[in-house]
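Reproduced below: final_0.cif, with mmCIF, C-alpha atoms.
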```cif
data_model
loop_
_atom_site.label_atom_id
_atom_site.label_comp_id
_atom_site.auth_asym_id
_atom_site.auth_seq_id
_atom_site.Cartn_x
_atom_site.Cartn_y
_atom_site.Cartn_z
CA MET A 23 258.09 193.88 272.39
CA ALA A 24 254.32 194.16 272.15
CA ASN A 25 251.63 192.33 274.08
CA ILE A 26 247.94 191.62 273.57
CA GLU A 27 245.85 191.81 276.72
CA HIS A 28 242.11 191.25 277.17
CA LEU A 29 239.76 190.96 280.13
CA GLN A 30 236.46 189.11 279.79
CA THR A 31 233.73 188.30 282.33
CA VAL A 32 232.26 184.80 282.11
CA ASN A 33 229.27 184.19 284.37
CA VAL A 34 230.27 180.70 285.52
CA PRO A 35 232.67 179.46 288.21
CA ALA A 36 236.39 179.29 287.47
CA ALA A 37 236.34 175.48 287.36
CA LYS A 38 234.13 175.54 284.25
CA VAL A 39 236.40 178.02 282.45
CA TYR A 40 239.51 176.07 283.40
CA GLU A 41 237.99 172.79 282.22
CA THR A 42 237.00 174.40 278.92
CA LEU A 43 240.53 175.68 278.31
CA THR A 44 242.24 172.39 279.17
CA THR A 45 240.13 169.80 277.35
CA ALA A 46 239.62 168.87 273.70
CA GLU A 47 235.87 169.03 274.26
CA GLY A 48 236.04 172.62 275.47
CA LEU A 49 238.67 173.97 273.08
CA SER A 50 236.95 172.35 270.08
CA GLU A 51 233.82 174.38 270.84
CA VAL A 52 235.72 177.57 271.61
CA TRP A 53 238.59 177.65 269.10
CA THR A 54 238.84 174.91 266.48
CA ASN A 55 237.53 171.38 266.21
CA GLU A 56 240.76 170.16 264.58
CA LEU A 57 242.97 169.75 267.62
CA ILE A 58 245.00 167.54 269.88
CA VAL A 59 244.88 168.53 273.54
CA ARG A 60 247.08 167.13 276.24
CA ASN A 61 246.68 168.21 279.79
CA GLN A 62 250.18 168.05 281.22
CA VAL A 63 252.99 170.55 281.65
CA GLY A 64 255.67 170.00 278.99
CA SER A 65 253.26 168.39 276.52
CA MET A 66 252.25 169.94 273.21
CA ASN A 67 248.76 171.00 272.20
CA GLU A 68 248.06 171.21 268.47
CA PHE A 69 245.44 173.35 266.76
CA ARG A 70 244.56 173.47 263.05
CA PHE A 71 242.61 176.15 261.22
CA GLY A 72 241.61 175.04 257.75
CA GLY A 73 244.46 173.88 255.52
CA HIS A 74 247.29 175.41 257.51
CA ASP A 75 249.90 173.48 259.44
CA ALA A 76 249.12 172.91 263.09
CA ASP A 77 249.84 175.62 265.62
CA LYS A 78 251.86 173.85 268.32
CA MET A 79 251.64 175.15 271.86
CA ARG A 80 253.80 173.70 274.63
CA ILE A 81 252.03 173.69 277.97
CA GLU A 82 254.22 175.69 280.36
CA GLU A 83 252.04 176.03 283.44
CA LEU A 84 248.77 174.61 284.74
CA ILE A 85 247.31 175.80 288.04
CA PRO A 86 243.86 174.25 288.36
CA ASN A 87 241.03 176.77 288.12
CA ASN A 88 243.49 179.64 288.09
CA ARG A 89 246.17 179.80 285.38
CA ILE A 90 247.18 178.24 282.06
CA VAL A 91 250.31 179.16 280.09
CA TRP A 92 251.27 178.00 276.59
CA ARG A 93 254.42 178.79 274.59
CA CYS A 94 254.03 178.74 270.84
CA MET A 95 256.62 176.35 269.34
CA ASP A 96 255.37 176.16 265.75
CA SER A 97 253.01 178.45 263.83
CA ASP A 98 253.27 181.64 261.78
CA PRO A 99 256.80 183.05 262.30
CA GLU A 100 255.34 186.03 264.18
CA TRP A 101 253.91 183.65 266.79
CA ILE A 102 256.96 181.48 267.44
CA ASP A 103 258.22 181.90 271.02
CA THR A 104 255.29 184.10 271.96
CA VAL A 105 253.54 183.15 275.21
CA ILE A 106 249.79 182.89 275.75
CA SER A 107 248.37 182.92 279.26
CA PHE A 108 244.92 182.70 280.76
CA ASP A 109 244.45 183.92 284.33
CA ILE A 110 241.09 183.14 285.91
CA GLU A 111 239.88 184.95 289.00
CA GLU A 112 236.56 183.91 290.54
CA LYS A 113 234.37 186.35 292.47
CA ASN A 114 230.78 185.59 293.50
CA GLY A 115 230.53 182.67 291.11
CA LYS A 116 231.73 184.69 288.10
CA SER A 117 235.07 184.32 286.35
CA PHE A 118 237.23 187.25 285.29
CA VAL A 119 239.50 185.92 282.56
CA THR A 120 242.65 187.81 281.59
CA LEU A 121 244.13 186.61 278.33
CA ARG A 122 247.64 187.73 277.41
CA HIS A 123 249.56 187.00 274.22
CA MET A 124 253.04 188.25 274.98
CA ASN A 125 256.41 188.86 273.37
CA TRP A 126 255.35 189.93 269.87
CA LYS A 127 258.39 191.47 268.18
CA GLU A 128 256.33 194.39 266.84
CA VAL A 129 252.83 195.64 266.11
CA THR A 130 252.03 194.40 262.59
CA PRO A 131 248.82 193.85 260.61
CA PHE A 132 248.94 190.23 261.82
CA TYR A 133 249.23 191.40 265.46
CA ARG A 134 246.17 193.64 264.91
CA SER A 135 244.22 190.81 263.32
CA CYS A 136 245.18 188.40 266.11
CA ASN A 137 244.20 190.98 268.73
CA TYR A 138 240.73 191.03 267.17
CA ASN A 139 240.63 187.25 266.95
CA TRP A 140 241.63 186.68 270.58
CA ALA A 141 238.60 188.74 271.56
CA ILE A 142 236.42 186.51 269.42
CA PHE A 143 238.01 183.53 271.21
CA LEU A 144 236.87 185.09 274.51
CA TYR A 145 233.43 185.84 273.08
CA SER A 146 233.20 182.19 272.06
CA LEU A 147 234.45 181.09 275.51
CA LYS A 148 231.74 183.14 277.20
CA SER A 149 229.05 181.87 274.87
CA TYR A 150 230.10 178.23 275.34
CA CYS A 151 230.44 178.41 279.13
CA GLU A 152 227.22 180.34 279.67
CA GLN A 153 224.98 178.97 276.93
CA GLY A 154 226.59 175.73 275.76
CA GLU A 155 227.41 176.93 272.24
CA GLY A 156 230.75 178.38 271.16
CA LEU A 157 231.90 179.99 267.93
CA PRO A 158 234.87 177.88 266.75
CA TYR A 159 236.84 178.61 263.58
CA GLN A 160 234.67 176.22 261.58
CA LYS A 161 231.48 178.18 262.37
CA ARG A 162 232.89 181.68 261.84
CA LYS A 163 232.31 183.94 258.84
CA PHE A 164 235.45 185.74 257.69
CA MET B 20 251.81 204.97 276.74
CA ALA B 21 249.81 201.98 275.56
CA ASN B 22 247.71 201.54 272.44
CA ILE B 23 244.93 199.22 271.38
CA GLU B 24 245.11 198.13 267.74
CA HIS B 25 242.78 195.85 265.80
CA LEU B 26 242.38 194.84 262.16
CA GLN B 27 239.04 193.58 260.85
CA THR B 28 237.90 192.57 257.35
CA VAL B 29 234.44 193.76 256.35
CA ASN B 30 233.18 192.37 253.04
CA VAL B 31 231.62 195.60 251.77
CA PRO B 32 233.10 198.66 250.02
CA ALA B 33 234.76 201.37 252.12
CA ALA B 34 231.90 203.81 251.49
CA LYS B 35 229.51 201.58 253.47
CA VAL B 36 231.91 201.29 256.42
CA TYR B 37 232.59 205.03 256.39
CA GLU B 38 228.88 205.85 256.29
CA THR B 39 228.23 203.47 259.19
CA LEU B 40 230.92 205.10 261.34
CA THR B 41 229.80 208.66 260.63
CA THR B 42 226.01 208.50 260.98
CA ALA B 43 223.63 208.09 263.91
CA GLU B 44 221.87 205.34 262.00
CA GLY B 45 225.05 203.32 261.61
CA LEU B 46 226.60 203.92 265.04
CA SER B 47 223.30 203.20 266.79
CA GLU B 48 223.32 199.71 265.28
CA VAL B 49 227.01 199.14 265.87
CA TRP B 50 227.73 200.73 269.28
CA THR B 51 224.83 202.24 271.24
CA ASN B 52 221.41 203.56 270.33
CA GLU B 53 221.71 206.43 272.85
CA LEU B 54 223.82 208.85 270.86
CA ILE B 55 224.20 212.21 269.20
CA VAL B 56 226.27 212.14 266.03
CA ARG B 57 227.52 215.15 264.16
CA ASN B 58 229.46 214.79 260.98
CA GLN B 59 231.85 217.71 261.01
CA VAL B 60 235.44 218.19 262.18
CA GLY B 61 235.49 220.05 265.51
CA SER B 62 232.01 218.90 266.52
CA MET B 63 231.33 216.55 269.41
CA ASN B 64 229.74 213.12 269.18
CA GLU B 65 228.06 211.79 272.34
CA PHE B 66 227.50 208.15 273.26
CA ARG B 67 225.67 206.75 276.29
CA PHE B 68 225.84 203.24 277.67
CA GLY B 69 223.10 202.62 280.24
CA GLY B 70 223.01 205.04 283.13
CA HIS B 71 226.48 206.48 282.71
CA ASP B 72 227.28 210.02 281.62
CA ALA B 73 227.84 210.48 277.92
CA ASP B 74 231.20 209.69 276.38
CA LYS B 75 232.07 212.81 274.40
CA MET B 76 234.26 212.46 271.34
CA ARG B 77 235.48 215.46 269.41
CA ILE B 78 235.78 214.78 265.69
CA GLU B 79 239.39 215.50 264.75
CA GLU B 80 239.60 214.24 261.19
CA LEU B 81 237.23 213.01 258.49
CA ILE B 82 238.55 211.74 255.15
CA PRO B 83 235.60 210.30 253.27
CA ASN B 84 235.78 206.52 252.84
CA ASN B 85 239.26 206.45 254.33
CA ARG B 86 239.83 207.82 257.85
CA ILE B 87 237.97 208.98 260.96
CA VAL B 88 239.64 210.31 264.12
CA TRP B 89 237.99 211.15 267.44
CA ARG B 90 239.56 212.58 270.60
CA CYS B 91 237.85 211.66 273.86
CA MET B 92 236.98 214.85 275.76
CA ASP B 93 234.74 213.40 278.50
CA SER B 94 234.37 209.82 279.75
CA ASP B 95 236.05 207.55 282.27
CA PRO B 96 239.27 209.30 283.43
CA GLU B 97 241.35 206.61 281.70
CA TRP B 98 239.81 207.62 278.35
CA ILE B 99 240.19 211.37 278.54
CA ASP B 100 242.59 212.67 275.88
CA THR B 101 242.91 209.27 274.28
CA VAL B 102 242.49 209.18 270.51
CA ILE B 103 240.40 206.70 268.53
CA SER B 104 240.99 206.27 264.81
CA PHE B 105 239.47 204.17 262.08
CA ASP B 106 241.47 203.67 258.88
CA ILE B 107 239.64 202.00 256.02
CA GLU B 108 241.47 200.48 253.07
CA GLU B 109 239.44 199.01 250.23
CA LYS B 110 240.74 196.15 248.06
CA ASN B 111 238.56 194.22 245.62
CA GLY B 112 235.36 195.52 247.16
CA LYS B 113 236.37 194.52 250.72
CA SER B 114 237.28 196.88 253.53
CA PHE B 115 240.23 196.36 255.84
CA VAL B 116 239.48 198.39 258.93
CA THR B 117 242.26 199.29 261.37
CA LEU B 118 240.96 200.57 264.68
CA ARG B 119 243.38 202.24 267.07
CA HIS B 120 242.69 203.55 270.58
CA MET B 121 245.85 205.42 271.44
CA ASN B 122 247.56 207.18 274.31
CA TRP B 123 246.42 205.10 277.25
CA LYS B 124 248.61 206.00 280.22
CA GLU B 125 249.05 202.34 281.19
CA VAL B 126 247.73 198.82 280.74
CA THR B 127 245.03 198.40 283.38
CA PRO B 128 242.05 196.05 283.84
CA PHE B 129 239.94 198.74 282.13
CA TYR B 130 242.35 198.84 279.16
CA ARG B 131 242.07 195.03 278.89
CA SER B 132 238.29 195.18 279.06
CA CYS B 133 238.14 197.96 276.47
CA ASN B 134 240.48 196.03 274.20
CA TYR B 135 237.97 193.17 274.27
CA ASN B 136 235.06 195.54 273.75
CA TRP B 137 236.61 197.30 270.73
CA ALA B 138 236.80 193.91 269.06
CA ILE B 139 233.11 193.39 269.75
CA PHE B 140 232.50 196.83 268.20
CA LEU B 141 234.28 195.58 265.06
CA TYR B 142 232.35 192.30 265.16
CA SER B 143 229.16 194.35 265.33
CA LEU B 144 230.38 196.61 262.50
CA LYS B 145 231.03 193.58 260.29
CA SER B 146 227.67 192.02 261.14
CA TYR B 147 225.78 195.26 260.46
CA CYS B 148 227.59 196.08 257.20
CA GLU B 149 227.39 192.55 255.80
CA GLN B 150 224.06 191.33 257.18
CA GLY B 151 222.16 194.42 258.28
CA GLU B 152 222.14 193.60 261.98
CA GLY B 153 224.65 194.91 264.51
CA LEU B 154 225.23 194.10 268.18
CA PRO B 155 224.89 197.44 269.99
CA TYR B 156 225.30 197.82 273.76
CA GLN B 157 221.57 197.44 274.31
CA LYS B 158 221.52 193.96 272.71
CA ARG B 159 224.68 192.61 274.36
CA LYS B 160 224.86 190.15 277.25
CA PHE B 161 227.49 191.06 279.83
#
```
Could you write out this file's structure as structure tokens?
Amino acid sequence: MANIEHLQTVNVPAAKVYETLTTAEGLSEVWTNELIVRNQVGSMNEFRFGGHDADKMRIEELIPNNRIVWRCMDSDPEWIDTVISFDIEEKNGKSFVTLRHMNWKEVTPFYRSCNYNWAIFLYSLKSYCEQGEGLPYQKRKF
Amino acid sequence: MANIEHLQTVNVPAAKVYETLTTAEGLSEVWTNELIVRNQVGSMNEFRFGGHDADKMRIEELIPNNRIVWRCMDSDPEWIDTVISFDIEEKNGKSFVTLRHMNWKEVTPFYRSCNYNWAIFLYSLKSYCEQGEGLPYQKRKF
């Protein structure tokens, strides 16, 4: 098994980061503007990137201002049954966000590409929370 | 042992990526403008980030337009004896750059932060190679 793990500092309180990661408004600025976001454990979030089928993420855990866990139910075969978590720790008004994408079967070119792209997700999260403008899929240059 | 592995597409030929990663001009735009770069196996590159001591990287391998390997000789204790490699594969005028930072003793908050920051290095590399403007340490917002 292989995991992806990142730590990012976002200079806003945890409540702002949590809200961004649990609402269509926030995730459309940070990740992709083709999405369906539900905010309830057991429900399915859906994210689209261009012409591909939706990535479906079942919401496994929601602890307000602290922790979000998704399990990937439909996506690229390498993603199915992987688990994505966001842990938010607030200190002195700043948020320390640990992102984990766990249970990859092996380290592949797709793993390496996704590791890069999760960092860009966190870069976009920081930019949106601090300055009001994210870098979603639709604005990126590949 | 834990590794960091990223894959990034840069829409320029491999020669441009290789030149960027082996010259003071290139690395000062991509990583930090406080640096000493030598371009010979066995020599030491030095990189400074603000007030810290220099990170010293011994050049272990140089295969023009294809592969660069550094071994960290002085830096944060978690980096010492870790190995950083860049593999560049060119297809149809594009470069596929695999960055590895290998031999971490364990996954720590510093590992997670560095994983994020290596992606930003690759984002900066892409921006510099494709558009002429990188995002070195001195221009970043933390």
(message) I need the residue nearest Val49 of chain B from this list: B:Glu24, B:Glu97, B:Glu152, B:Glu79. Use only C-alpha atoms for the distance.
(response) B:Glu152
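The closest residue to Ile142 of chain A, picked from A:Trp53, A:Trp126, A:Phe71, A:Phe108 and counting all atoms listed in the file, is A:Trp53.
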(request) Check what the PyMOL selection byres ((chain B and resi 113) around 10) selects in the file above and give those residues as a list in words. (result) Thr28, Val29, Asn30, Val31, Pro32, Ala33, Val36, Ile107, Glu108, Glu109, Lys110, Asn111, Gly112, Ser114, Phe115 and Val116 of chain B
If the PyMOL selection byres ((chain A) within 8 of (chain B)) is run on the structure shown, which residues does it catch, given as a JSON list (two decimals) with C-alpha atoms, keeping the file's coordinate frame?
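Ended up saving to expr-v8.json:
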```json
[["chain", "number", "residue", "atom", "x", "y", "z"],
["A", 27, "GLU", "CA", 245.85, 191.81, 276.72],
["A", 28, "HIS", "CA", 242.11, 191.25, 277.17],
["A", 29, "LEU", "CA", 239.76, 190.96, 280.13],
["A", 30, "GLN", "CA", 236.46, 189.11, 279.79],
["A", 31, "THR", "CA", 233.73, 188.30, 282.33],
["A", 120, "THR", "CA", 242.65, 187.81, 281.59],
["A", 131, "PRO", "CA", 248.82, 193.85, 260.61],
["A", 133, "TYR", "CA", 249.23, 191.40, 265.46],
["A", 134, "ARG", "CA", 246.17, 193.64, 264.91],
["A", 135, "SER", "CA", 244.22, 190.81, 263.32],
["A", 136, "CYS", "CA", 245.18, 188.40, 266.11],
["A", 137, "ASN", "CA", 244.20, 190.98, 268.73],
["A", 138, "TYR", "CA", 240.73, 191.03, 267.17],
["A", 139, "ASN", "CA", 240.63, 187.25, 266.95],
["A", 141, "ALA", "CA", 238.60, 188.74, 271.56],
["A", 142, "ILE", "CA", 236.42, 186.51, 269.42],
["A", 164, "PHE", "CA", 235.45, 185.74, 257.69]]
```
(message) Need the shell around Arg89 of chain A: protein/DNA/RNA residues with any atom at most 8 Å away, counting all atoms listed in the file. Skip same-chain ones fewer than 5 positions apart. Format as a PyMOL selection string?
(response) chain A and resi 40+83-84+107-110
(message) Ranking B:Asn52, B:Ser47, B:Ser94, B:Ser143 by minimum distance to Met76 of chain B and counting all atoms listed in the file, which one comes first?
(response)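 Using all atoms listed in the file, Met76 of chain B sits closest to B:Ser94.
With distances restricted to only C-alpha atoms, A:Pro86 is the closest residue to Lys38 of chain A from A:Pro86, A:Lys127, A:Trp92, A:Lys161.
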(request) Kindly extract all protein, DNA and RNA residues lying within 10 Å of the coordinates (240.5, 175.9, 259.2) given in the file, considering all atoms listed in the file, and supply them as JSON, numbers by chain. (result) {"A": [54, 55, 56, 69, 70, 71, 72, 73, 74, 75, 76, 158, 159, 160, 161, 162]}
(request) For atom CA of Trp101 of chain A and atom CA of Glu152 of chain A, determine how far apart the two atoms are, in Å to one decimal place. (result)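 Atom-to-atom, atom CA of Trp101 of chain A and atom CA of Glu152 of chain A are spaced 29.8 Å apart.
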(message) To one decimal place in Å, what is the distance between atom CA of Gln153 of chain A and atom CA of Gly48 of chain A?
(response)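 Answer for the atom CA of Gln153 of chain A to atom CA of Gly48 of chain A separation: 12.8 Å.
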(request) Would you work out the distance separating atom CA of Ile85 of chain A from atom CA of Glu51 of chain A, expressed in Å to one decimal? (result)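 Interatomic distance, atom CA of Ile85 of chain A to atom CA of Glu51 of chain A: 21.9 Å.
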Contact residues around Arg57 of chain B with all atoms listed in the file at 8 Å, ignoring same-chain residues under 6 positions, as an mmCIF file with C-alpha atoms, in the coordinates of the input:
```cif
data_model
loop_
_atom_site.group_PDB
_atom_site.id
_atom_site.type_symbol
_atom_site.label_atom_id
_atom_site.label_comp_id
_atom_site.auth_asym_id
_atom_site.auth_seq_id
_atom_site.Cartn_x
_atom_site.Cartn_y
_atom_site.Cartn_z
ATOM 1 C CA THR B 41 229.800 208.660 260.630
ATOM 2 C CA THR B 42 226.010 208.500 260.980
ATOM 3 C CA MET B 63 231.330 216.550 269.410
ATOM 4 C CA ASN B 64 229.740 213.120 269.180
#
```
Go ahead and fit an axis-aligned box to every listed atom of segment 28-46 of chain B plus 3 Å each side, and pass me the centre and edge lengths in Å, one decimal, as JSON.
```
{"center_x": 229.9, "center_y": 200.5, "center_z": 257.5, "size_x": 22.0, "size_y": 22.3, "size_z": 21.0}
```
